[in-house]
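These notes concern the structure reproduced below.
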Amino acid sequence: MERIIKMLPLILSGVLIIILMAFSGWLGYKNIGNNPSSGDTYTPDDSFSSVNTELTSSGLSPSDISLSEESVSSTDNRTASDIPESTEEKVTVKYVVINKATNIRAEDNDTSTKVAVLTKGAEVEYLSESKKRYKIRYAGSKTGWIIKSCGDLVEKEKIIKHIASYTAGDPIEMNGTKEGDDISAILKNYTTTGASVTIIKNGSVAYTYEYGYANKKKKVKVSQNTKFRIASITKVFTSMLAMTEVDDGKLDLDGNLSDVMGYHFFNPSYPKKKVTMRMLLTHTSGMIDRDDEFSKKLRNITGNRDFYVSPPGEKFLYCNLGMGIAGAVVEKSANQTISQYAKDKFFEPMGIDASYDAKYLSDKSLVAECYAGDKISASSNYLCRSQEKGKPGDTFHLGQGGLLISSVDLARVFTVLINDGQYNGRQYISQNALSEMLKDQKVKTGKGFAQCIGIRTSKELVQNRKMYFHNGASYGIFSLAAFDPADKSGIVIITSGALTKRNKNTVFAVCDDVMNYSYENILK
């Protein structure tokens with residue numbers, strides 16, 4: 001008894017601790033989902049660097065991790081009835097897994113036309129077979145024949161989820177759906193490292209798909225917020241900026257550029273012939289690309305006969321230098337750097353985080369590495385270096401290909417061209433200026449497309465459609481933006497590290513296959 005009395009304080013203390021723990025647990029349960037107190041702030045330090053990298057790669061920052069009722073309602077105020085439902089079906093599918101590189105032929109014989117090549121590891125859908133060959137579906141919806149010895153037949157039972165039909169609202173994510181898997185198969189067949197695809201329907205951004213890595217070494221996956229250096233599609237946006245200066249009455253497409261630049265802007269072989277903005281934007285200025293032109297001062301270039309091959313305005317010759325100089329003309333006309341002007345005129349009012357110069361971005365960590373094959377050809381650090389040179393009118397190495405932007409935001413920019421110059425009810429380019437921009441110019445390209453101002457048209461890209469489009473290719477980035485104003489549809493495709501192969505319509509094969517699959521199966 002005496003021993004129990006001595007232990008009584010210890011026993012009572014234990015009981016008290018148990019009661020306090022139970023009460024604390026009840027309080028914790030009661031407050032699940034409530035806002036943290038004002039003192040509970042999240043301050044990142046070096047120990048959280050890996051967490052911060054993961055968050056920013058998905059487009060989040062520490063300030064975005066609030067579960068308050070206010071923050072949830074402000075980012076997604078849709079009800080269940082507003083969110084379109086997808087459909088699912090359970091099927092058994094046969095695949096052919098390629099065990100060594102093989103040709104795909106149009107018919108079941110050795111002499112038929114070779115239509116494509118499958119790389120080792122590719123997985124294609126089995127359709128039927130003959131004695132020597134499998135008939136397969138590849139690149140989304142295309143079919144052909146391969147030799148049996150080059151592939152192993154595999155049968156799988158799977159749930160196929162189809163994307164919902166888009167009507168309005170936020171874009172629908174295609175990852176995890178059959179359509180997304182089909183696009184993935186196309187990208188995988190071209191050994192793509194990373195990619196982002198955005199589809200426009202009824203004049204709005206409707207579907208998105210992300211694939212692979214923005215940074216393969218760090219395992220940072222491509223997200224909707226990943227920004228790529230989009231290469232020559234930049235020329236379209238530079239032309240849009242030029243047309244806003246035309247709208248404002250500050251720039252004459254057919255005026256002498258010497259009047260804008262403030263010094264004699266001319267071809268020394270034809271000193272009395274004016275060079276115009278229209279010529280720069282349609283690749284008819286007579287200028288040619290050389291390896292060292294972007295390291296010189298602009299005034300030196302415009303008086304050097306090595307950069308002129310024909311009278312201004314007479315011959316189509318695709319020229320990065322000319323479009324870069326067009327960016328400098330925009331700067332001089334607007335009296336702003338091209339990055340600041342783009343931000344003021346388009347990006348800030350549209351709610352877009354993009355720029356020619358990365359110092360204007362809110363989050364540089366979202367800029368993807370550029371891959372050629374599986375090797376980095378241009379690092380994000382290199383792409384994010386400061387690139388503005390001097391005062392407005394001096395920077396001429398960004399307008400031709402330097403824009404850093406996500407595929408979703410690039411698609412939003414292209415909806416301005418689709419929707420009569422408007423976005424969310426605001427007029428960004430007048431209908432008159434837009435009509436002039438999208439008009440086929442009197443230029444003979446000899447390339448299977450017609451040249452407009454900063455953009456092209458072709459009937460060879462998608463069957464039974466006249467498409468407006470532009471390619472991009474630099475540092476292993478292959479990109480394509482295309483749209484059909486007839487039904488206000490379009491697509492933006494940005495890939496990194498894919499195989500270098502162009503189709504006859506001048507488009508890179510990986511982009512061409514994704515575009516045609518999307519028009520046949522999603523935008524049909």
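Here's how to read the names in the structure tokens: chain A, B, ... by the order shown, residue numbers from 1 in each chain, ligand numbers from 1 in the order shown.
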Applying 12 Å and only C-alpha atoms, which residues near region 435-442 of chain A remain after dropping the ones on its own chain fewer than 6 positions away? List them as a PyMOL selection string. chain A and resi 236-244+246-247+253+278-279+281-284+313-316+417-421+429+449-458+466-469+483-485
Env of Lys274 (chain A): 9 Å cut, atoms = only C-alpha atoms, seq-sep filter 5 positions within chain, self excluded. Answer as a list in words.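 Contacts, with the query itself left out: Asp254, Gly255, Asn256, Leu257, Ser258, Phe265, Phe266, Asn267 and Pro312 of chain A.
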Distance query region 357-369 of chain A at most 10 Å, only C-alpha atoms, self and fewer than 6 positions along chain excluded, as a ChimeraX atom specification: /A:53,56-61,194,213-216,220-229,337-340,343,375-388,398,402-406,475-477,496-497
Work out how far apart CA of Met261 (chain A) and CA of Glu348 (chain A) are and give it in Å to one decimal. 27.2 Å
DSSP alpha helix (DSSP H) selection over region 148-349 of chain A, as a tab-separated table (two decimals) with N, CA, C and O atoms, in the first residue's frame:
chain	number	residue	atom	x	y	z
A	178	LYS	N	-7.10	8.64	-73.58
A	178	LYS	CA	-6.66	7.97	-74.79
A	178	LYS	C	-6.02	8.96	-75.75
A	178	LYS	O	-4.99	8.67	-76.36
A	179	GLU	N	-6.63	10.13	-75.89
A	179	GLU	CA	-6.08	11.12	-76.80
A	179	GLU	C	-4.70	11.56	-76.35
A	179	GLU	O	-3.79	11.74	-77.17
A	180	GLY	N	-4.53	11.73	-75.05
A	180	GLY	CA	-3.21	12.06	-74.52
A	180	GLY	C	-2.21	10.95	-74.76
A	180	GLY	O	-1.05	11.20	-75.12
A	181	ASP	N	-2.65	9.71	-74.57
A	181	ASP	CA	-1.76	8.56	-74.82
A	181	ASP	C	-1.35	8.49	-76.29
A	181	ASP	O	-0.22	8.13	-76.61
A	182	ASP	N	-2.28	8.81	-77.17
A	182	ASP	CA	-1.96	8.79	-78.61
A	182	ASP	C	-0.91	9.85	-78.95
A	182	ASP	O	0.03	9.59	-79.71
A	183	ILE	N	-1.07	11.03	-78.38
A	183	ILE	CA	-0.07	12.09	-78.61
A	183	ILE	C	1.26	11.69	-78.00
A	183	ILE	O	2.33	11.90	-78.59
A	184	SER	N	1.21	11.06	-76.83
A	184	SER	CA	2.43	10.57	-76.19
A	184	SER	C	3.16	9.57	-77.09
A	184	SER	O	4.40	9.60	-77.19
A	185	ALA	N	2.40	8.69	-77.75
A	185	ALA	CA	3.01	7.69	-78.63
A	185	ALA	C	3.73	8.37	-79.80
A	185	ALA	O	4.80	7.93	-80.23
A	186	ILE	N	3.14	9.43	-80.32
A	186	ILE	CA	3.78	10.17	-81.41
A	186	ILE	C	5.09	10.79	-80.92
A	186	ILE	O	6.14	10.66	-81.55
A	187	LEU	N	5.04	11.46	-79.78
A	187	LEU	CA	6.22	12.12	-79.24
A	187	LEU	C	7.31	11.12	-78.90
A	187	LEU	O	8.50	11.34	-79.16
A	188	LYS	N	6.90	9.97	-78.35
A	188	LYS	CA	7.87	8.93	-78.00
A	188	LYS	C	8.54	8.37	-79.24
A	188	LYS	O	9.75	8.09	-79.23
A	189	ASN	N	7.79	8.24	-80.33
A	189	ASN	CA	8.36	7.70	-81.56
A	189	ASN	C	9.44	8.60	-82.13
A	189	ASN	O	10.33	8.14	-82.85
A	234	THR	N	8.28	33.27	-82.72
A	234	THR	CA	8.45	34.63	-82.20
A	234	THR	C	8.16	35.67	-83.27
A	234	THR	O	7.64	36.75	-82.98
A	235	LYS	N	8.49	35.36	-84.52
A	235	LYS	CA	8.30	36.32	-85.62
A	235	LYS	C	6.84	36.74	-85.76
A	235	LYS	O	6.55	37.88	-86.16
A	236	VAL	N	5.92	35.84	-85.46
A	236	VAL	CA	4.50	36.19	-85.54
A	236	VAL	C	4.17	37.25	-84.50
A	236	VAL	O	3.49	38.24	-84.79
A	237	PHE	N	4.67	37.05	-83.28
A	237	PHE	CA	4.35	38.01	-82.22
A	237	PHE	C	5.04	39.35	-82.47
A	237	PHE	O	4.45	40.41	-82.23
A	238	THR	N	6.27	39.32	-82.96
A	238	THR	CA	6.95	40.57	-83.31
A	238	THR	C	6.14	41.34	-84.34
A	238	THR	O	6.02	42.57	-84.28
A	239	SER	N	5.55	40.62	-85.29
A	239	SER	CA	4.70	41.24	-86.30
A	239	SER	C	3.43	41.82	-85.68
A	239	SER	O	2.94	42.88	-86.10
A	240	MET	N	2.88	41.14	-84.67
A	240	MET	CA	1.71	41.67	-83.97
A	240	MET	C	2.05	42.98	-83.27
A	240	MET	O	1.26	43.93	-83.28
A	241	LEU	N	3.24	43.04	-82.66
A	241	LEU	CA	3.67	44.29	-82.02
A	241	LEU	C	3.79	45.40	-83.05
A	241	LEU	O	3.40	46.55	-82.80
A	242	ALA	N	4.35	45.06	-84.22
A	242	ALA	CA	4.48	46.06	-85.28
A	242	ALA	C	3.11	46.59	-85.70
A	242	ALA	O	2.94	47.80	-85.92
A	243	MET	N	2.12	45.68	-85.79
A	243	MET	CA	0.79	46.11	-86.23
A	243	MET	C	0.11	47.01	-85.19
A	243	MET	O	-0.73	47.84	-85.54
A	244	THR	N	0.46	46.86	-83.91
A	244	THR	CA	-0.10	47.78	-82.91
A	244	THR	C	0.48	49.18	-83.08
A	244	THR	O	-0.21	50.17	-82.84
A	245	GLU	N	1.74	49.26	-83.52
A	245	GLU	CA	2.33	50.56	-83.82
A	245	GLU	C	1.68	51.18	-85.06
A	245	GLU	O	1.52	52.39	-85.14
A	246	VAL	N	1.32	50.33	-86.01
A	246	VAL	CA	0.58	50.80	-87.18
A	246	VAL	C	-0.78	51.34	-86.73
A	246	VAL	O	-1.22	52.41	-87.17
A	247	ASP	N	-1.43	50.60	-85.83
A	247	ASP	CA	-2.72	51.05	-85.29
A	247	ASP	C	-2.62	52.43	-84.63
A	247	ASP	O	-3.51	53.27	-84.76
A	257	LEU	N	12.29	53.33	-93.64
A	257	LEU	CA	12.75	53.05	-92.28
A	257	LEU	C	13.81	54.04	-91.82
A	257	LEU	O	14.05	54.17	-90.62
A	258	SER	N	14.43	54.74	-92.75
A	258	SER	CA	15.39	55.77	-92.36
A	258	SER	C	14.71	56.84	-91.51
A	258	SER	O	15.30	57.40	-90.58
A	259	ASP	N	13.42	57.10	-91.80
A	259	ASP	CA	12.66	58.11	-91.05
A	259	ASP	C	12.41	57.66	-89.62
A	259	ASP	O	12.30	58.49	-88.71
A	260	VAL	N	12.26	56.35	-89.41
A	260	VAL	CA	12.00	55.82	-88.07
A	260	VAL	C	13.29	55.69	-87.27
A	260	VAL	O	13.37	56.09	-86.10
A	261	MET	N	14.34	55.16	-87.92
A	261	MET	CA	15.57	54.84	-87.20
A	261	MET	C	16.44	56.07	-86.93
A	261	MET	O	17.28	56.04	-86.04
A	277	MET	N	9.15	48.48	-93.47
A	277	MET	CA	8.80	47.49	-92.46
A	277	MET	C	8.09	46.30	-93.10
A	277	MET	O	8.30	45.15	-92.69
A	278	ARG	N	7.26	46.55	-94.10
A	278	ARG	CA	6.59	45.44	-94.78
A	278	ARG	C	7.62	44.47	-95.37
A	278	ARG	O	7.44	43.26	-95.31
A	279	MET	N	8.69	45.00	-95.92
A	279	MET	CA	9.73	44.15	-96.49
A	279	MET	C	10.40	43.28	-95.42
A	279	MET	O	10.65	42.10	-95.64
A	280	LEU	N	10.68	43.87	-94.27
A	280	LEU	CA	11.29	43.10	-93.18
A	280	LEU	C	10.36	41.98	-92.72
A	280	LEU	O	10.78	40.85	-92.48
A	281	LEU	N	9.07	42.30	-92.60
A	281	LEU	CA	8.09	41.36	-92.05
A	281	LEU	C	7.66	40.29	-93.06
A	281	LEU	O	7.02	39.31	-92.69
A	298	LEU	N	23.87	47.67	-85.06
A	298	LEU	CA	22.84	47.72	-86.09
A	298	LEU	C	23.19	48.72	-87.20
A	298	LEU	O	23.02	48.44	-88.38
A	299	ARG	N	23.69	49.87	-86.84
A	299	ARG	CA	24.01	50.88	-87.84
A	299	ARG	C	25.04	50.36	-88.84
A	299	ARG	O	24.99	50.67	-90.04
A	300	ASN	N	25.98	49.54	-88.38
A	300	ASN	CA	26.99	48.97	-89.28
A	300	ASN	C	26.38	47.98	-90.25
A	300	ASN	O	26.79	47.89	-91.41
A	301	ILE	N	25.42	47.20	-89.79
A	301	ILE	CA	24.80	46.18	-90.63
A	301	ILE	C	24.01	46.82	-91.76
A	301	ILE	O	24.08	46.39	-92.91
A	320	ASN	N	16.43	35.71	-90.69
A	320	ASN	CA	16.31	35.97	-89.27
A	320	ASN	C	16.75	37.40	-88.94
A	320	ASN	O	16.14	38.08	-88.12
A	321	LEU	N	17.82	37.83	-89.59
A	321	LEU	CA	18.34	39.16	-89.34
A	321	LEU	C	17.29	40.23	-89.61
A	321	LEU	O	17.10	41.14	-88.80
A	322	GLY	N	16.59	40.10	-90.73
A	322	GLY	CA	15.57	41.09	-91.08
A	322	GLY	C	14.48	41.18	-90.04
A	322	GLY	O	14.03	42.28	-89.67
A	323	MET	N	14.03	40.02	-89.52
A	323	MET	CA	12.97	40.04	-88.52
A	323	MET	C	13.50	40.54	-87.18
A	323	MET	O	12.78	41.18	-86.40
A	324	GLY	N	14.78	40.26	-86.89
A	324	GLY	CA	15.39	40.83	-85.69
A	324	GLY	C	15.42	42.34	-85.75
A	324	GLY	O	15.12	43.04	-84.77
A	325	ILE	N	15.79	42.87	-86.93
A	325	ILE	CA	15.80	44.31	-87.12
A	325	ILE	C	14.39	44.87	-87.01
A	325	ILE	O	14.18	45.99	-86.50
A	326	ALA	N	13.39	44.11	-87.46
A	326	ALA	CA	12.00	44.56	-87.31
A	326	ALA	C	11.68	44.80	-85.83
A	326	ALA	O	10.95	45.74	-85.48
A	327	GLY	N	12.22	43.95	-84.94
A	327	GLY	CA	12.04	44.16	-83.50
A	327	GLY	C	12.67	45.47	-83.05
A	327	GLY	O	12.12	46.19	-82.21
A	328	ALA	N	13.85	45.80	-83.61
A	328	ALA	CA	14.51	47.07	-83.28
A	328	ALA	C	13.69	48.26	-83.79
A	328	ALA	O	13.62	49.31	-83.13
A	329	VAL	N	13.05	48.10	-84.95
A	329	VAL	CA	12.19	49.15	-85.48
A	329	VAL	C	11.00	49.39	-84.55
A	329	VAL	O	10.61	50.54	-84.29
A	330	VAL	N	10.40	48.30	-84.04
A	330	VAL	CA	9.31	48.43	-83.07
A	330	VAL	C	9.79	49.20	-81.85
A	330	VAL	O	9.10	50.10	-81.35
A	331	GLU	N	10.99	48.86	-81.36
A	331	GLU	CA	11.55	49.57	-80.21
A	331	GLU	C	11.67	51.07	-80.48
A	331	GLU	O	11.27	51.91	-79.67
A	332	LYS	N	12.24	51.40	-81.64
A	332	LYS	CA	12.48	52.80	-81.98
A	332	LYS	C	11.15	53.55	-82.14
A	332	LYS	O	11.01	54.68	-81.67
A	333	SER	N	10.19	52.90	-82.77
A	333	SER	CA	8.88	53.52	-82.99
A	333	SER	C	8.15	53.75	-81.68
A	333	SER	O	7.53	54.80	-81.46
A	334	ALA	N	8.22	52.77	-80.78
A	334	ALA	CA	7.49	52.84	-79.50
A	334	ALA	C	8.28	53.56	-78.41
A	334	ALA	O	7.72	53.88	-77.35
A	338	ILE	N	11.73	46.12	-76.63
A	338	ILE	CA	10.69	45.23	-77.14
A	338	ILE	C	10.06	44.42	-76.02
A	338	ILE	O	8.85	44.13	-76.05
A	339	SER	N	10.85	44.07	-74.99
A	339	SER	CA	10.30	43.31	-73.86
A	339	SER	C	9.31	44.14	-73.06
A	339	SER	O	8.24	43.66	-72.68
A	340	GLN	N	9.66	45.39	-72.79
A	340	GLN	CA	8.76	46.26	-72.03
A	340	GLN	C	7.50	46.57	-72.83
A	340	GLN	O	6.39	46.59	-72.28
A	341	TYR	N	7.67	46.79	-74.12
A	341	TYR	CA	6.52	47.10	-74.98
A	341	TYR	C	5.56	45.91	-75.05
A	341	TYR	O	4.34	46.07	-74.96
A	342	ALA	N	6.12	44.70	-75.20
A	342	ALA	CA	5.30	43.49	-75.25
A	342	ALA	C	4.54	43.30	-73.93
A	342	ALA	O	3.36	42.92	-73.93
A	348	GLU	N	0.85	41.86	-69.86
A	348	GLU	CA	0.27	42.26	-68.57
A	348	GLU	C	-1.26	42.34	-68.62
A	348	GLU	O	-1.93	41.76	-67.76
A	349	PRO	N	-1.85	43.00	-69.62
A	349	PRO	CA	-3.32	43.02	-69.66
A	349	PRO	C	-3.95	41.66	-69.92
A	349	PRO	O	-5.09	41.41	-69.50
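Among the candidates A:Asp374, A:Asp512, A:Glu173, A:Asp394, the residue lying nearest to Lys297 (chain A) is A:Asp394 (atoms considered: only C-alpha atoms).
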Run DSSP on the backbone and tell me which residues of region 189-393 of chain A come out as strand (DSSP E); list them as a ChimeraX atom specification. /A:194-201,204-215,220-221,228-229,370-372,375-378
Could you jot down the CA of Ile163 (chain A) to CA of Glu123 (chain A) separation for me, Å, one decimal place? 21.3 Å
Which residues are near Lys488 (chain A)? Cut-off 7 Å, only C-alpha atoms, ignore same chain within fewer than 5 positions. Put them as a list in words. Lys201, Asn202, Gly203 and Ile418 of chain A
Shell of 9 Å around Ser474 (chain A), only C-alpha atoms, local chain residues under 4 positions omitted, as a PyMOL selection string: chain A and resi 229-232+370+401+478
Create the file for the chosen residues now, containing N, CA and C atoms and written as a PDB file, in the first residue's frame.
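Listing of result26.pdb after writing:
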ATOM      1  N   ARG A 229      11.862  28.565 -75.120  1.00  0.00           N
ATOM      2  CA  ARG A 229      12.280  29.530 -76.139  1.00  0.00           C
ATOM      3  C   ARG A 229      11.692  29.008 -77.447  1.00  0.00           C
ATOM      4  N   ILE A 230      10.692  29.681 -77.975  1.00  0.00           N
ATOM      5  CA  ILE A 230       9.864  29.101 -79.037  1.00  0.00           C
ATOM      6  C   ILE A 230      10.433  29.269 -80.437  1.00  0.00           C
ATOM      7  N   ALA A 231      11.623  29.863 -80.537  1.00  0.00           N
ATOM      8  CA  ALA A 231      12.286  30.028 -81.834  1.00  0.00           C
ATOM      9  C   ALA A 231      11.441  30.898 -82.769  1.00  0.00           C
ATOM     10  N   SER A 232      11.325  30.518 -84.043  1.00  0.00           N
ATOM     11  CA  SER A 232      10.815  31.445 -85.063  1.00  0.00           C
ATOM     12  C   SER A 232       9.328  31.759 -84.993  1.00  0.00           C
ATOM     13  N   CYS A 370      16.927  23.527 -73.281  1.00  0.00           N
ATOM     14  CA  CYS A 370      16.756  23.123 -74.681  1.00  0.00           C
ATOM     15  C   CYS A 370      17.593  21.869 -74.923  1.00  0.00           C
ATOM     16  N   GLY A 401      13.425  35.291 -82.697  1.00  0.00           N
ATOM     17  CA  GLY A 401      13.281  33.960 -82.111  1.00  0.00           C
ATOM     18  C   GLY A 401      13.428  33.873 -80.611  1.00  0.00           C
ATOM     19  N   PHE A 478      11.713  22.243 -81.660  1.00  0.00           N
ATOM     20  CA  PHE A 478      10.891  22.257 -82.867  1.00  0.00           C
ATOM     21  C   PHE A 478       9.480  22.650 -82.442  1.00  0.00           C
TER      22      PHE A 478
END
Write out as a ChimeraX atom specification the residues lying within 6 Å of Ile200 (chain A), counting only C-alpha atoms and excluding same-chain residues fewer than 3 positions away. /A:204-206,489-491
